[in-house]
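Read the structure below first, then the notes.
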Number of protein chains: 2
Amino acid sequence: MKNTQVVLAQRPEGAPKANDFAVVETETVPLEDGQALVKNLYISLDAGFRNWMDEDSGDEVLPAMPLGKAVMGLILGEVIESRNSGIEVGCLLMARLAWEEFSVVNEGDWWVEVDNEHQLPLSYHLGVLGDTGMSGYFGLVDIGQPKPGDTVVVSAAGGAVGSVAGQIAKIMGARVIGLAGSDEKCQRLVNELGYDVGINYKADNLSALIGQHCPNGIDVYFDNVGGLLLETILEHIAHGARIPFCGAVADYTAQKSGGGGPSNLFQLVAQCVTLQGFMTHFQLERYPEARSQLAQWLASGELKAHEHMYCGVDQCGIAFSDMFAGKNFGKAVVKVAAS
Amino acid sequence: MKNTQVVLAQRPEGAPKANDFAVVETETVPLEDGQALVKNLYISLDAGFRNWMDEDSGDEVLPAMPLGKAVMGLILGEVIESRNSGIEVGCLLMARLAWEEFSVVNEGDWWVEVDNEHQLPLSYHLGVLGDTGMSGYFGLVDIGQPKPGDTVVVSAAGGAVGSVAGQIAKIMGARVIGLAGSDEKCQRLVNELGYDVGINYKADNLSALIGQHCPNGIDVYFDNVGGLLLETILEHIAHGARIPFCGAVADYTAQKSGGGGPSNLFQLVAQCVTLQGFMTHFQLERYPEARSQLAQWLASGELKAHEHMYCGVDQCGIAFSDMFAGKNFGKAVVKVAAS
């Protein structure tokens, strides 16, 4: 069968560009014992995968992505052929596969079956019901713990994780301020996601704007960004604040420049602040609980799933580059095929 | 009565020097209604007070220290005269008074009575049984939570807080590595405080040394220092590590140079690390519990109080400067008079 792939054409310098990737036509090959063939339906675009595109990245478990091969990604697909007794044809699964139409799951590879018990669009399992939704949920509910009336600030507020985190903060009764990279996005934060305020983090007077909108300080800062934005936030942090530290797009793409991080971490001591890094993969056993709650909020309309959908596997490189250029609003997903 | 004082002669630039302070002879003045006269017995030297020596420091509650006036400090003394019905003559108290032989407590000033129930040397109430002991205790017990066999690293390991924190970590069954600023101090960490290893943080190959002594990573980093040392530590941080963040001598004395902080905070995300700032003043209700435990460990010999004692109020400026030059081992205290 014809199998269109998107391969790593060259290693990105800093933020990925569309021409770091190339579309190639290949053919599927017959399965060996223990393998299963997956028809890829949706491809999730996750900034974290940028890490494995550098030559010196990776380890024994996940080596650096090789040049000329299909780019690794998180995929939702349907098993259409199987020579593995543990994987049935027709099964829907999520796995670390590749930007292509058909992928092979090998014996021993990590995969999870997708149980669409809540009868929601399948792509939600890569977003609001997947790792990004879990990041918003665990970060806010476990670490942020906003009380009604607390001031919550979310960075990358319109992104896959931020759009969920901000809405959960509203559901929990907080005043929620979103940071995004354009005035247009800031308006969408308010109009479409229900943020109380949207602030363009590129504004010259950013610190003053934050101070103006957070007169009693910031009780929770949901940090998706890392880098020097944290320094500005710490100037306004409230006593006893919590900072769920979820990701650092700034760090993924930073060239090794020797540039420093926040120079005012003493604020953490002075204000008794907890800065807590987390990754949802270490709480897999709690996904069902979180997924039920998120599905309930989706059903009641309190939570909306925002997706930035691209169509066609050949769009993967463009979609991934767009994300680093801040062009997406909500979860970026490529639709490869119908189930 | 003659009252020798040590006054702020000039505002320190960076680390305080002995000539930033001057010894002057004054006289006590008659008390007014509501005041009490305290004979100062011991003066605690605390790096945090450096903050109030800058012209632009302070707020309404604690204004910047004025030039030419006795330097503010934490003092243990005995009430020898009182025109305040709430303060009895003979009472032992701790209060924010000054580097002088006799101080006045005004109506409404903060002070606490010292109950020497454990019959330990009075000066211990400024060290191992006071704020510095509490910092070691709460930081380790509440935040660090080392399990037996965990690797704990303590910065400023021979200082007032570090010397307590390191010993508590040993009592809790951890492998404990201390960082100090000279080879001689590193030997004392091992010989006198029971650390497993002492590492000179000024060593050229510091990161390699830490890696060698922490082959499984650092489970708890008790941070008294802040600054770029944290960056080196984060290179070796273990999954799920806890960082009680207690103080930042590096920040107290940093000239506003624009120098950045740690540039690898993404390690907090990647390793799911909690960096928690704390100040003991917000847990005053738990001091008795902590003090009982510390007194019990002192009685059993598991914990030793290390004091760096100076004699005579005129030594305050020298003692304070010595502390910033890293000359003290254990808690720095000036003995002013016998009770």
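Naming works like this for the structure tokens: A, B, ... for the chains as they're shown, residue 1 at the start of each chain, ligands 1 onward in shown order.
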message: Within 6 Å of chain A, which residues belong to chain B? Use only C-alpha atoms and report them as a PyMOL selection string.
response: chain B and resi 260-263+268-269+272-278
Please produce a file of those selected residues containing all heavy atoms, as an mmCIF file, in the first residue's frame.
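again-v2.cif, written as the output of this step:
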data_model
loop_
_atom_site.group_PDB
_atom_site.id
_atom_site.type_symbol
_atom_site.label_atom_id
_atom_site.label_comp_id
_atom_site.auth_asym_id
_atom_site.auth_seq_id
_atom_site.Cartn_x
_atom_site.Cartn_y
_atom_site.Cartn_z
ATOM 1 N N GLY B 260 21.862 36.701 35.135
ATOM 2 C CA GLY B 260 20.697 35.840 35.185
ATOM 3 C C GLY B 260 20.804 34.765 36.243
ATOM 4 O O GLY B 260 21.849 34.554 36.857
ATOM 5 N N GLY B 261 19.706 34.086 36.481
ATOM 6 C CA GLY B 261 19.666 32.949 37.384
ATOM 7 C C GLY B 261 19.823 31.656 36.601
ATOM 8 O O GLY B 261 20.285 31.675 35.460
ATOM 9 N N PRO B 262 19.446 30.535 37.207
ATOM 10 C CA PRO B 262 19.610 29.224 36.565
ATOM 11 C C PRO B 262 18.888 29.181 35.221
ATOM 12 O O PRO B 262 17.727 29.566 35.133
ATOM 13 C CB PRO B 262 18.945 28.255 37.546
ATOM 14 C CG PRO B 262 18.786 28.998 38.820
ATOM 15 C CD PRO B 262 18.790 30.446 38.516
ATOM 16 N N SER B 263 19.573 28.708 34.191
ATOM 17 C CA SER B 263 18.971 28.689 32.858
ATOM 18 C C SER B 263 18.369 27.323 32.536
ATOM 19 O O SER B 263 17.854 27.124 31.444
ATOM 20 C CB SER B 263 20.021 29.043 31.805
ATOM 21 O OG SER B 263 21.043 28.071 31.814
ATOM 22 N N LEU B 268 13.241 21.023 36.287
ATOM 23 C CA LEU B 268 12.180 20.847 37.284
ATOM 24 C C LEU B 268 11.002 20.107 36.663
ATOM 25 O O LEU B 268 10.355 19.286 37.313
ATOM 26 C CB LEU B 268 11.711 22.204 37.831
ATOM 27 C CG LEU B 268 12.748 23.078 38.533
ATOM 28 C CD1 LEU B 268 12.104 24.400 38.964
ATOM 29 C CD2 LEU B 268 13.336 22.375 39.753
ATOM 30 N N VAL B 269 10.696 20.411 35.397
ATOM 31 C CA VAL B 269 9.608 19.729 34.697
ATOM 32 C C VAL B 269 10.040 18.305 34.359
ATOM 33 O O VAL B 269 9.353 17.331 34.685
ATOM 34 C CB VAL B 269 9.220 20.480 33.407
ATOM 35 C CG1 VAL B 269 8.101 19.741 32.678
ATOM 36 C CG2 VAL B 269 8.797 21.912 33.714
ATOM 37 N N CYS B 272 10.216 16.288 37.386
ATOM 38 C CA CYS B 272 9.083 16.406 38.334
ATOM 39 C C CYS B 272 9.561 16.813 39.725
ATOM 40 O O CYS B 272 9.310 16.127 40.720
ATOM 41 C CB CYS B 272 8.281 15.113 38.416
ATOM 42 S SG CYS B 272 7.589 14.625 36.841
ATOM 43 N N VAL B 273 10.246 17.939 39.774
ATOM 44 C CA VAL B 273 10.870 18.410 41.003
ATOM 45 C C VAL B 273 10.045 19.547 41.618
ATOM 46 O O VAL B 273 9.475 20.364 40.893
ATOM 47 C CB VAL B 273 12.295 18.929 40.705
ATOM 48 C CG1 VAL B 273 12.932 19.550 41.947
ATOM 49 C CG2 VAL B 273 13.152 17.802 40.138
ATOM 50 N N THR B 274 9.988 19.569 42.941
ATOM 51 C CA THR B 274 9.315 20.654 43.657
ATOM 52 C C THR B 274 10.359 21.560 44.301
ATOM 53 O O THR B 274 11.175 21.096 45.094
ATOM 54 C CB THR B 274 8.385 20.087 44.741
ATOM 55 O OG1 THR B 274 7.406 19.268 44.118
ATOM 56 C CG2 THR B 274 7.698 21.211 45.508
ATOM 57 N N LEU B 275 10.306 22.846 43.928
ATOM 58 C CA LEU B 275 11.191 23.866 44.504
ATOM 59 C C LEU B 275 10.303 24.747 45.374
ATOM 60 O O LEU B 275 9.437 25.458 44.869
ATOM 61 C CB LEU B 275 11.824 24.678 43.373
ATOM 62 C CG LEU B 275 12.634 25.926 43.712
ATOM 63 C CD1 LEU B 275 13.810 25.577 44.608
ATOM 64 C CD2 LEU B 275 13.163 26.590 42.438
ATOM 65 N N GLN B 276 10.477 24.656 46.682
ATOM 66 C CA GLN B 276 9.525 25.308 47.586
ATOM 67 C C GLN B 276 10.218 26.309 48.503
ATOM 68 O O GLN B 276 11.014 25.933 49.364
ATOM 69 C CB GLN B 276 8.781 24.237 48.398
ATOM 70 C CG GLN B 276 7.694 24.818 49.277
ATOM 71 C CD GLN B 276 6.760 23.755 49.832
ATOM 72 O OE1 GLN B 276 6.785 22.594 49.421
ATOM 73 N NE2 GLN B 276 5.936 24.151 50.780
ATOM 74 N N GLY B 277 9.913 27.583 48.293
ATOM 75 C CA GLY B 277 10.423 28.615 49.179
ATOM 76 C C GLY B 277 9.656 28.609 50.493
ATOM 77 O O GLY B 277 8.470 28.320 50.507
ATOM 78 N N PHE B 278 10.353 28.917 51.593
ATOM 79 C CA PHE B 278 9.637 28.952 52.880
ATOM 80 C C PHE B 278 10.319 29.896 53.848
ATOM 81 O O PHE B 278 11.520 30.159 53.729
ATOM 82 C CB PHE B 278 9.528 27.541 53.486
ATOM 83 C CG PHE B 278 10.836 26.971 53.980
ATOM 84 C CD1 PHE B 278 11.132 26.922 55.338
ATOM 85 C CD2 PHE B 278 11.779 26.486 53.085
ATOM 86 C CE1 PHE B 278 12.336 26.405 55.794
ATOM 87 C CE2 PHE B 278 12.986 25.965 53.528
ATOM 88 C CZ PHE B 278 13.264 25.923 54.879
#
Let's have chain A fitted on chain B; use all the C-alpha atoms paired in order for the least-squares step and return it as a compact mmCIF listing (two decimals) with C-alpha atoms, in the first residue's frame.
# COMPACT_ATOMS: atom_id res chain seq x y z
CA MET A 1 23.97 54.28 81.97
CA LYS A 2 26.68 53.96 79.38
CA ASN A 3 25.37 52.17 76.29
CA THR A 4 27.88 51.01 73.66
CA GLN A 5 26.31 50.72 70.22
CA VAL A 6 27.38 49.57 66.75
CA VAL A 7 25.88 51.87 64.14
CA LEU A 8 25.55 51.74 60.37
CA ALA A 9 28.39 54.05 59.25
CA GLN A 10 27.84 53.63 55.52
CA ARG A 11 25.63 51.49 53.30
CA PRO A 12 27.41 48.25 52.29
CA GLU A 13 28.09 47.60 48.63
CA GLY A 14 27.56 43.91 48.11
CA ALA A 15 28.95 41.93 51.03
CA PRO A 16 29.21 44.01 54.24
CA LYS A 17 32.70 45.01 55.40
CA ALA A 18 33.78 45.76 58.98
CA ASN A 19 34.22 49.46 58.17
CA ASP A 20 30.56 49.77 57.14
CA PHE A 21 29.93 49.82 60.89
CA ALA A 22 31.22 52.01 63.75
CA VAL A 23 31.29 51.66 67.54
CA VAL A 24 29.86 54.64 69.42
CA GLU A 25 29.32 55.40 73.10
CA THR A 26 25.91 56.69 74.14
CA GLU A 27 23.82 56.87 77.29
CA THR A 28 20.49 55.24 78.04
CA VAL A 29 17.60 57.68 78.49
CA PRO A 30 14.75 57.43 81.04
CA LEU A 31 11.84 55.19 80.03
CA GLU A 32 8.49 56.58 78.97
CA ASP A 33 5.17 54.96 79.79
CA GLY A 34 4.70 51.69 77.89
CA GLN A 35 8.43 51.08 77.44
CA ALA A 36 10.73 48.47 78.93
CA LEU A 37 14.52 48.45 79.15
CA VAL A 38 16.30 45.29 78.06
CA LYS A 39 19.84 44.29 78.95
CA ASN A 40 20.99 42.55 75.79
CA LEU A 41 22.67 39.18 76.42
CA TYR A 42 23.12 37.64 72.98
CA ILE A 43 22.89 39.14 69.52
CA SER A 44 22.04 36.88 66.59
CA LEU A 45 23.74 37.52 63.25
CA ASP A 46 21.40 36.76 60.39
CA ALA A 47 22.21 37.30 56.73
CA GLY A 48 18.63 38.33 56.04
CA PHE A 49 19.11 41.63 57.89
CA ARG A 50 21.52 42.68 55.15
CA ASN A 51 18.38 43.43 53.09
CA TRP A 52 17.44 46.40 55.29
CA MET A 53 20.84 48.06 54.97
CA ASP A 54 20.15 49.32 51.43
CA GLU A 55 18.74 52.78 51.04
CA ASP A 56 15.83 51.66 48.86
CA SER A 57 14.88 48.66 51.00
CA GLY A 58 12.19 48.34 53.61
CA ASP A 59 8.49 49.10 53.75
CA GLU A 60 6.07 50.70 56.24
CA VAL A 61 6.50 47.87 58.76
CA LEU A 62 10.28 47.63 58.57
CA PRO A 63 11.83 50.74 57.02
CA ALA A 64 15.40 50.73 55.75
CA MET A 65 17.95 51.05 58.56
CA PRO A 66 18.97 54.70 59.01
CA LEU A 67 22.64 55.70 58.79
CA GLY A 68 24.25 56.58 62.12
CA LYS A 69 21.79 54.57 64.18
CA ALA A 70 22.39 51.24 65.95
CA VAL A 71 21.97 48.33 63.51
CA MET A 72 18.77 46.31 63.84
CA GLY A 73 19.11 42.68 64.85
CA LEU A 74 17.48 39.78 66.61
CA ILE A 75 18.40 39.96 70.29
CA LEU A 76 17.93 37.82 73.38
CA GLY A 77 17.89 39.90 76.54
CA GLU A 78 16.60 40.34 80.07
CA VAL A 79 14.13 43.01 81.13
CA ILE A 80 15.77 45.16 83.84
CA GLU A 81 13.25 47.99 84.09
CA SER A 82 9.67 48.27 82.91
CA ARG A 83 6.95 50.89 82.57
CA ASN A 84 4.79 48.38 80.67
CA SER A 85 2.43 46.23 82.73
CA GLY A 86 2.68 43.42 80.14
CA ILE A 87 6.47 43.09 80.45
CA GLU A 88 7.86 42.04 83.82
CA VAL A 89 11.31 42.82 85.14
CA GLY A 90 13.40 39.64 85.01
CA CYS A 91 11.60 38.33 81.92
CA LEU A 92 13.83 36.84 79.20
CA LEU A 93 12.71 37.84 75.73
CA MET A 94 13.69 37.83 72.07
CA ALA A 95 12.90 40.90 70.02
CA ARG A 96 13.98 42.87 66.98
CA LEU A 97 16.22 45.33 68.85
CA ALA A 98 19.66 46.69 68.04
CA TRP A 99 23.41 46.10 68.25
CA GLU A 100 23.89 47.76 71.64
CA GLU A 101 24.15 46.92 75.32
CA PHE A 102 20.69 48.15 76.31
CA SER A 103 17.62 48.42 74.11
CA VAL A 104 14.13 49.78 74.61
CA VAL A 105 11.02 47.76 73.77
CA ASN A 106 8.18 50.09 72.85
CA GLU A 107 4.47 49.48 73.36
CA GLY A 108 3.24 47.34 70.47
CA ASP A 109 6.70 46.13 69.38
CA TRP A 110 7.04 42.46 68.49
CA TRP A 111 8.69 40.33 71.18
CA VAL A 112 8.39 36.78 72.50
CA GLU A 113 9.13 35.50 75.96
CA VAL A 114 11.89 32.90 76.12
CA ASP A 115 10.90 29.85 78.13
CA ASN A 116 14.09 27.91 78.74
CA GLU A 117 12.12 24.78 79.65
CA HIS A 118 14.79 22.46 78.23
CA GLN A 119 17.53 24.01 80.42
CA LEU A 120 19.88 24.51 77.47
CA PRO A 121 22.32 27.38 76.95
CA LEU A 122 20.33 30.58 76.42
CA SER A 123 22.12 31.39 73.16
CA TYR A 124 20.60 28.24 71.61
CA HIS A 125 17.32 30.17 71.40
CA LEU A 126 18.93 32.32 68.69
CA GLY A 127 20.28 29.26 66.86
CA VAL A 128 19.34 25.63 67.01
CA LEU A 129 16.16 26.34 69.02
CA GLY A 130 15.42 29.58 67.16
CA ASP A 131 14.70 30.60 63.59
CA THR A 132 17.76 28.92 62.11
CA GLY A 133 17.02 25.60 63.80
CA MET A 134 13.39 25.91 62.72
CA SER A 135 14.52 26.52 59.13
CA GLY A 136 16.54 23.32 59.18
CA TYR A 137 13.72 21.40 60.83
CA PHE A 138 10.76 22.57 58.73
CA GLY A 139 12.79 22.54 55.51
CA LEU A 140 13.91 18.95 56.00
CA VAL A 141 10.92 17.43 57.78
CA ASP A 142 8.08 19.18 55.92
CA ILE A 143 9.51 19.81 52.45
CA GLY A 144 12.61 17.66 51.98
CA GLN A 145 11.12 14.52 53.52
CA PRO A 146 14.18 12.35 52.87
CA LYS A 147 13.66 8.60 53.08
CA PRO A 148 16.41 6.38 54.48
CA GLY A 149 19.05 5.98 51.79
CA ASP A 150 18.09 9.14 49.91
CA THR A 151 20.88 11.45 48.81
CA VAL A 152 20.59 14.89 50.43
CA VAL A 153 22.80 17.82 49.41
CA VAL A 154 23.03 20.90 51.66
CA SER A 155 24.54 24.21 50.54
CA ALA A 156 26.24 26.52 53.05
CA ALA A 157 26.44 23.22 54.90
CA GLY A 158 28.45 24.53 57.83
CA GLY A 159 26.32 27.63 58.36
CA ALA A 160 23.72 28.23 61.02
CA VAL A 161 20.88 26.60 59.10
CA GLY A 162 22.94 24.13 57.07
CA SER A 163 24.64 22.64 60.12
CA VAL A 164 21.23 21.80 61.58
CA ALA A 165 19.70 20.67 58.27
CA GLY A 166 22.59 18.32 57.52
CA GLN A 167 22.46 16.70 60.93
CA ILE A 168 18.68 16.23 60.74
CA ALA A 169 19.08 14.60 57.33
CA LYS A 170 21.53 12.14 58.89
CA ILE A 171 19.12 11.45 61.76
CA MET A 172 16.45 10.71 59.12
CA GLY A 173 18.74 8.11 57.56
CA ALA A 174 19.89 9.90 54.42
CA ARG A 175 23.31 10.01 52.80
CA VAL A 176 24.28 13.64 53.26
CA ILE A 177 26.65 15.71 51.16
CA GLY A 178 27.62 19.19 52.26
CA LEU A 179 28.86 22.08 50.13
CA ALA A 180 31.15 24.62 51.73
CA GLY A 181 33.65 27.23 50.61
CA SER A 182 36.98 25.81 51.76
CA ASP A 183 38.69 22.43 52.05
CA GLU A 184 39.14 23.01 55.77
CA LYS A 185 35.39 23.55 56.24
CA CYS A 186 34.66 20.44 54.17
CA GLN A 187 36.74 18.39 56.58
CA ARG A 188 34.88 19.87 59.53
CA LEU A 189 31.56 18.96 57.86
CA VAL A 190 32.61 15.32 57.95
CA ASN A 191 34.48 15.28 61.27
CA GLU A 192 32.28 17.52 63.39
CA LEU A 193 28.83 17.43 61.81
CA GLY A 194 28.76 13.85 60.52
CA TYR A 195 28.28 14.60 56.81
CA ASP A 196 29.21 11.65 54.59
CA VAL A 197 31.05 13.89 52.14
CA GLY A 198 32.08 17.54 52.01
CA ILE A 199 32.59 19.21 48.62
CA ASN A 200 34.26 22.59 48.08
CA TYR A 201 31.80 24.45 45.87
CA LYS A 202 34.63 26.58 44.51
CA ALA A 203 36.21 23.53 42.83
CA ASP A 204 36.68 23.87 39.07
CA ASN A 205 35.15 20.47 38.44
CA LEU A 206 32.23 20.96 40.84
CA SER A 207 29.61 19.37 38.59
CA ALA A 208 31.79 16.30 38.02
CA LEU A 209 32.45 15.98 41.77
CA ILE A 210 28.75 16.16 42.54
CA GLY A 211 28.02 13.58 39.84
CA GLN A 212 30.67 11.28 41.29
CA HIS A 213 29.27 11.49 44.82
CA CYS A 214 25.60 11.37 43.75
CA PRO A 215 25.58 8.54 41.19
CA ASN A 216 21.80 8.09 41.57
CA GLY A 217 21.06 11.80 41.56
CA ILE A 218 20.08 14.21 44.31
CA ASP A 219 16.79 13.45 46.05
CA VAL A 220 16.75 16.51 48.31
CA TYR A 221 18.68 19.75 47.85
CA PHE A 222 18.49 22.01 50.89
CA ASP A 223 19.25 25.37 49.31
CA ASN A 224 20.61 28.14 51.53
CA VAL A 225 22.42 29.93 48.76
CA GLY A 226 20.38 30.53 45.60
CA GLY A 227 22.16 31.87 42.53
CA LEU A 228 23.91 29.79 39.93
CA LEU A 229 24.82 26.93 42.27
CA LEU A 230 21.25 25.74 41.75
CA GLU A 231 21.98 25.35 38.04
CA THR A 232 24.80 22.92 38.78
CA ILE A 233 22.64 21.00 41.24
CA LEU A 234 19.80 20.70 38.69
CA GLU A 235 22.19 18.88 36.34
CA HIS A 236 22.15 16.03 38.89
CA ILE A 237 18.65 16.24 40.29
CA ALA A 238 16.73 12.97 40.69
CA HIS A 239 13.18 12.29 39.56
CA GLY A 240 10.67 13.58 42.08
CA ALA A 241 13.28 15.53 44.07
CA ARG A 242 12.35 18.16 46.65
CA ILE A 243 14.23 21.44 47.06
CA PRO A 244 13.51 23.28 50.32
CA PHE A 245 14.55 26.82 49.35
CA CYS A 246 15.49 28.59 52.52
CA GLY A 247 17.72 31.50 51.71
CA ALA A 248 19.80 33.11 49.11
CA VAL A 249 22.97 34.70 50.41
CA ALA A 250 23.97 35.05 46.77
CA ASP A 251 20.97 37.30 46.19
CA TYR A 252 21.34 39.36 49.38
CA THR A 253 24.66 40.69 48.23
CA ALA A 254 24.25 40.64 44.45
CA GLN A 255 24.67 44.08 43.00
CA LYS A 256 21.93 44.77 40.49
CA SER A 257 24.09 43.46 37.69
CA GLY A 258 21.43 42.00 35.42
CA GLY A 259 23.16 38.63 35.77
CA GLY A 260 20.73 35.80 35.16
CA GLY A 261 19.68 32.93 37.38
CA PRO A 262 19.61 29.22 36.55
CA SER A 263 18.99 28.69 32.83
CA ASN A 264 17.97 25.05 33.18
CA LEU A 265 14.79 25.28 35.22
CA PHE A 266 13.21 22.97 32.65
CA GLN A 267 14.88 20.22 34.68
CA LEU A 268 12.17 20.88 37.27
CA VAL A 269 9.60 19.78 34.69
CA ALA A 270 11.61 16.93 33.19
CA GLN A 271 12.34 15.42 36.61
CA CYS A 272 9.08 16.45 38.32
CA VAL A 273 10.87 18.45 40.99
CA THR A 274 9.31 20.69 43.64
CA LEU A 275 11.19 23.89 44.49
CA GLN A 276 9.55 25.34 47.58
CA GLY A 277 10.45 28.64 49.19
CA PHE A 278 9.66 28.96 52.88
CA MET A 279 10.11 31.25 55.87
CA THR A 280 9.67 29.90 59.36
CA HIS A 281 7.93 33.04 60.61
CA PHE A 282 4.72 31.82 59.03
CA GLN A 283 4.68 28.66 61.14
CA LEU A 284 5.16 30.15 64.61
CA GLU A 285 2.42 27.93 66.02
CA ARG A 286 4.58 24.89 65.29
CA TYR A 287 7.74 26.16 67.02
CA PRO A 288 7.00 24.32 70.32
CA GLU A 289 6.66 20.96 68.52
CA ALA A 290 9.87 21.53 66.58
CA ARG A 291 11.72 22.84 69.64
CA SER A 292 10.78 19.74 71.67
CA GLN A 293 12.08 17.44 68.97
CA LEU A 294 15.30 19.42 68.56
CA ALA A 295 15.85 19.53 72.34
CA GLN A 296 15.34 15.76 72.48
CA TRP A 297 17.95 15.21 69.74
CA LEU A 298 20.33 17.57 71.54
CA ALA A 299 19.83 15.64 74.77
CA SER A 300 20.48 12.29 73.09
CA GLY A 301 23.60 13.66 71.43
CA GLU A 302 22.28 12.91 67.91
CA LEU A 303 22.27 16.64 67.22
CA LYS A 304 25.04 19.02 68.18
CA ALA A 305 24.69 22.78 68.40
CA HIS A 306 27.61 24.51 66.72
CA GLU A 307 28.10 28.14 67.64
CA HIS A 308 30.62 30.65 66.40
CA MET A 309 30.69 32.94 69.44
CA TYR A 310 32.09 36.48 69.52
CA CYS A 311 32.44 38.37 72.80
CA GLY A 312 31.54 42.02 73.26
CA VAL A 313 28.95 44.18 71.52
CA ASP A 314 31.72 46.03 69.69
CA GLN A 315 32.40 42.82 67.71
CA CYS A 316 29.02 42.89 65.92
CA GLY A 317 30.23 44.57 62.72
CA ILE A 318 33.23 42.30 62.42
CA ALA A 319 31.13 39.22 63.14
CA PHE A 320 28.51 40.21 60.55
CA SER A 321 31.19 40.83 57.90
CA ASP A 322 32.92 37.55 58.76
CA MET A 323 29.68 35.71 58.09
CA PHE A 324 29.44 37.08 54.54
CA ALA A 325 33.10 36.20 54.02
CA GLY A 326 32.20 32.63 54.96
CA LYS A 327 34.34 32.61 58.09
CA ASN A 328 31.79 31.21 60.51
CA PHE A 329 31.08 27.56 61.20
CA GLY A 330 27.74 27.04 62.89
CA LYS A 331 25.55 29.80 64.21
CA ALA A 332 27.24 33.20 64.57
CA VAL A 333 26.34 34.89 67.87
CA VAL A 334 27.75 37.82 69.81
CA LYS A 335 27.72 37.51 73.59
CA VAL A 336 27.06 40.93 75.06
CA ALA A 337 26.68 40.17 78.77
CA ALA A 338 25.98 37.40 81.26
CA SER A 339 22.41 37.09 82.48
task: Extract the full set of strand (DSSP E) residues from range 6-151 of chain B according to DSSP on the backbone, and format it as a PyMOL selection string.
output: chain B and resi 6-8+21-27+36-44+72-82+92-98+102-105+111-113+151
Next, dump the selected residues to file, keeping only C-alpha atoms, as a PDB file, in the first residue's frame.
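Saved to out.pdb:
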ATOM      1  CA  VAL B   6      27.391  49.582  66.758  1.00  0.00           C
ATOM      2  CA  VAL B   7      25.909  51.885  64.133  1.00  0.00           C
ATOM      3  CA  LEU B   8      25.582  51.749  60.351  1.00  0.00           C
ATOM      4  CA  PHE B  21      29.951  49.819  60.878  1.00  0.00           C
ATOM      5  CA  ALA B  22      31.246  52.012  63.734  1.00  0.00           C
ATOM      6  CA  VAL B  23      31.317  51.636  67.521  1.00  0.00           C
ATOM      7  CA  VAL B  24      29.894  54.616  69.418  1.00  0.00           C
ATOM      8  CA  GLU B  25      29.359  55.386  73.092  1.00  0.00           C
ATOM      9  CA  THR B  26      25.933  56.682  74.109  1.00  0.00           C
ATOM     10  CA  GLU B  27      23.837  56.859  77.280  1.00  0.00           C
ATOM     11  CA  ALA B  36      10.749  48.464  78.947  1.00  0.00           C
ATOM     12  CA  LEU B  37      14.539  48.433  79.156  1.00  0.00           C
ATOM     13  CA  VAL B  38      16.303  45.281  78.060  1.00  0.00           C
ATOM     14  CA  LYS B  39      19.836  44.268  78.956  1.00  0.00           C
ATOM     15  CA  ASN B  40      20.991  42.548  75.788  1.00  0.00           C
ATOM     16  CA  LEU B  41      22.668  39.182  76.419  1.00  0.00           C
ATOM     17  CA  TYR B  42      23.119  37.626  72.966  1.00  0.00           C
ATOM     18  CA  ILE B  43      22.884  39.128  69.499  1.00  0.00           C
ATOM     19  CA  SER B  44      22.016  36.873  66.581  1.00  0.00           C
ATOM     20  CA  MET B  72      18.784  46.326  63.831  1.00  0.00           C
ATOM     21  CA  GLY B  73      19.111  42.696  64.849  1.00  0.00           C
ATOM     22  CA  LEU B  74      17.471  39.793  66.603  1.00  0.00           C
ATOM     23  CA  ILE B  75      18.390  39.967  70.276  1.00  0.00           C
ATOM     24  CA  LEU B  76      17.923  37.819  73.368  1.00  0.00           C
ATOM     25  CA  GLY B  77      17.889  39.896  76.535  1.00  0.00           C
ATOM     26  CA  GLU B  78      16.596  40.321  80.057  1.00  0.00           C
ATOM     27  CA  VAL B  79      14.138  43.015  81.133  1.00  0.00           C
ATOM     28  CA  ILE B  80      15.784  45.133  83.827  1.00  0.00           C
ATOM     29  CA  GLU B  81      13.279  47.989  84.097  1.00  0.00           C
ATOM     30  CA  SER B  82       9.683  48.282  82.942  1.00  0.00           C
ATOM     31  CA  LEU B  92      13.817  36.852  79.214  1.00  0.00           C
ATOM     32  CA  LEU B  93      12.716  37.845  75.737  1.00  0.00           C
ATOM     33  CA  MET B  94      13.669  37.838  72.073  1.00  0.00           C
ATOM     34  CA  ALA B  95      12.893  40.911  70.013  1.00  0.00           C
ATOM     35  CA  ARG B  96      13.972  42.877  66.969  1.00  0.00           C
ATOM     36  CA  LEU B  97      16.216  45.327  68.843  1.00  0.00           C
ATOM     37  CA  ALA B  98      19.663  46.696  68.049  1.00  0.00           C
ATOM     38  CA  PHE B 102      20.708  48.142  76.304  1.00  0.00           C
ATOM     39  CA  SER B 103      17.632  48.423  74.109  1.00  0.00           C
ATOM     40  CA  VAL B 104      14.148  49.793  74.628  1.00  0.00           C
ATOM     41  CA  VAL B 105      11.038  47.768  73.787  1.00  0.00           C
ATOM     42  CA  TRP B 111       8.690  40.363  71.165  1.00  0.00           C
ATOM     43  CA  VAL B 112       8.389  36.808  72.493  1.00  0.00           C
ATOM     44  CA  GLU B 113       9.125  35.506  75.954  1.00  0.00           C
ATOM     45  CA  THR B 151      20.911  11.433  48.821  1.00  0.00           C
TER      46      THR B 151
END
